[in-house]
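Comments concern the structure below.
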Amino acid sequence: GEAVGLRWEDVDMEKREININHSLAYFAGRKNKAEQKWLVHEPKTEAGKRVIPMVDSVYTALIEEKSRQDAEGIKCKTKIDEMTGFIFCNRFNEVCIPESVNRELKRIVENHNATEEVRAVKERREAVVLPHFSCHHLRHTFCTRLCEADVHVKVIQAVMGHKDIQTTMDIYAEVTEWKKKESLNEVFNEMKLF
């Protein structure tokens, strides 16, 4: 919801910052009788409203996306509660539906796995297949990678928008348990005590 709701006005290319101040939710199907399919939500907590520093790879990707959209005359046509200028749009120049993004991820994984299984048989080895995952899994993975890189837990909390430090600590604890074993193995291997 935060990603598909991101607008060009939410990114400050000079300061290299992304302002997370809302998310989009999509409701469609037979159960939804309302005409409006999109809802704008403010973050659940004040911690969810945040400004995230833009790393170089994101900055470059956004510059390239803006250049591509300008060159091809692409502009997202969607207007939701007076909000316009959404960065990510589909082939119809409408804002991306979150479930469509997850379906595309599923298709990519299935294609990879099918190709990998054929390749593995030819090479007489075990196939390395990807598990099914969603955008939310990517968020969790990002948080995990920050923990593995020993980023300070309060920085992780702020970037992720966790209201409660315990949410961050639960993820951090899983990673630090793994890192603890890895660190001890490295020390013992270097010292050759046994």
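Just so we're on the same page: first chain in the structure tokens is A, next is B, and so on; residues restart at 1 for each chain, and ligands are numbered from 1 in the order they show up.
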For stretch 93-171 of chain A against stretch 74-80 of chain A, with a cut-off of 10 Å and counting only C-alpha atoms, what is the closest atom pair and its distance in Å to one decimal for every residue that makes the cut, ordered by chain and number, as CSV?
residue,atom,partner,partner_atom,distance
A:Asn93,CA,A:Cys76,CA,4.7
A:Glu94,CA,A:Thr78,CA,5.2
A:Val95,CA,A:Thr78,CA,5.9
A:Cys96,CA,A:Thr78,CA,9.6
Residues from the last selection, C-alpha atoms, saved as a short mmCIF file (atom, residue, chain, number, x, y, z; two decimals), in the first residue's frame:
data_model
loop_
_atom_site.label_atom_id
_atom_site.label_comp_id
_atom_site.auth_asym_id
_atom_site.auth_seq_id
_atom_site.Cartn_x
_atom_site.Cartn_y
_atom_site.Cartn_z
CA ASN A 93 -1.65 4.38 -16.90
CA GLU A 94 -3.67 3.60 -13.78
CA VAL A 95 -2.22 3.07 -10.31
CA CYS A 96 -1.06 -0.51 -9.70
#
Neighbouring residues of stretch 35-51 of chain A were defined as those with any atom within 7 Å, considering only C-alpha atoms; residues of the same chain fewer than 5 positions away were excluded. Please report them as a list in words.
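Once the adjacent positions are removed, what remains is Glu17, Ile18, Asn19, Ile20, Asn21, His22, Ser23, Leu24, Ala25, Tyr26, Phe27, Ala28, Ile80, Gly161, His162 and Lys163 of chain A.
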Just give me the gap between atom CA of A:Lys15 and atom CA of A:Met54 in Å, one decimal is fine.
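Result for atom CA of A:Lys15 versus atom CA of A:Met54: 8.4 Å, one decimal.
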Considering only strand (DSSP E) as DSSP defines it on the backbone, what residues of chain A qualify? List them as an mmCIF file with C-alpha atoms, in the first residue's frame.
data_model
loop_
_atom_site.group_PDB
_atom_site.id
_atom_site.type_symbol
_atom_site.label_atom_id
_atom_site.label_comp_id
_atom_site.auth_asym_id
_atom_site.auth_seq_id
_atom_site.Cartn_x
_atom_site.Cartn_y
_atom_site.Cartn_z
ATOM 1 C CA VAL A 11 9.956 12.070 -3.160
ATOM 2 C CA ASP A 12 12.439 14.877 -2.719
ATOM 3 C CA GLU A 17 14.228 11.546 0.841
ATOM 4 C CA ILE A 18 10.949 9.645 0.564
ATOM 5 C CA ASN A 19 8.003 10.887 2.615
ATOM 6 C CA ILE A 20 5.724 8.052 3.724
ATOM 7 C CA SER A 23 -0.980 4.077 1.818
ATOM 8 C CA LEU A 24 -3.552 2.850 -0.665
ATOM 9 C CA ALA A 25 -5.988 0.008 -0.184
ATOM 10 C CA TYR A 26 -7.941 -1.543 -3.055
ATOM 11 C CA TRP A 38 -9.628 2.755 -3.635
ATOM 12 C CA LEU A 39 -9.169 4.123 -0.142
ATOM 13 C CA VAL A 40 -6.351 6.305 1.115
ATOM 14 C CA HIS A 41 -5.210 5.425 4.619
ATOM 15 C CA ARG A 50 8.180 8.917 8.293
ATOM 16 C CA VAL A 51 10.832 10.307 6.007
ATOM 17 C CA ILE A 52 13.223 7.692 4.674
ATOM 18 C CA PRO A 53 16.652 8.554 3.280
#
What is the distance between atom CA of A:Met169 and atom CA of A:Gln157, in Å to one decimal?
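That distance, rounded to one decimal, is 8.7 Å.
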Using the chain letters and numbers from this document, which residues of stretch 15-154 of chain A does DSSP assign to helix (DSSP H, G or I), as a ChimeraX atom specification?
/A:46-48,56-72,98-122,135-148,153-154
Non-local contacts of A:Asn113 (10 Å; only C-alpha atoms; under 3 positions in same chain excluded) as a list in words
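Residues meeting the cut-off are Arg107, Ile108, Val109, Glu110, Glu116, Glu117, Val118, Arg119, Ala127, Val128, Val129, Leu130 and Pro131 of chain A.
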Which residues are close to A:Val151, i.e. within 12 Å by only C-alpha atoms, leaving aside same-chain residues fewer than 5 positions away? Reply as a PyMOL selection string.
chain A and resi 142-146+156-159+168+172+175-176
Quick one: distance from atom CA of A:Ser183 to atom CA of A:Ile171 in Å, one decimal?
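Separation between atom CA of A:Ser183 and atom CA of A:Ile171: 18.3 Å.
Each of A:Met13, A:Cys135, A:Ala173, A:Pro98 was checked against A:Ala61 using only C-alpha atoms; the smallest atom-to-atom distance is that of A:Met13.
Using only C-alpha atoms, the smallest distance between any of A:Ile87, A:Arg16, A:Arg7, A:Glu148 and A:Val55 comes from A:Arg16.
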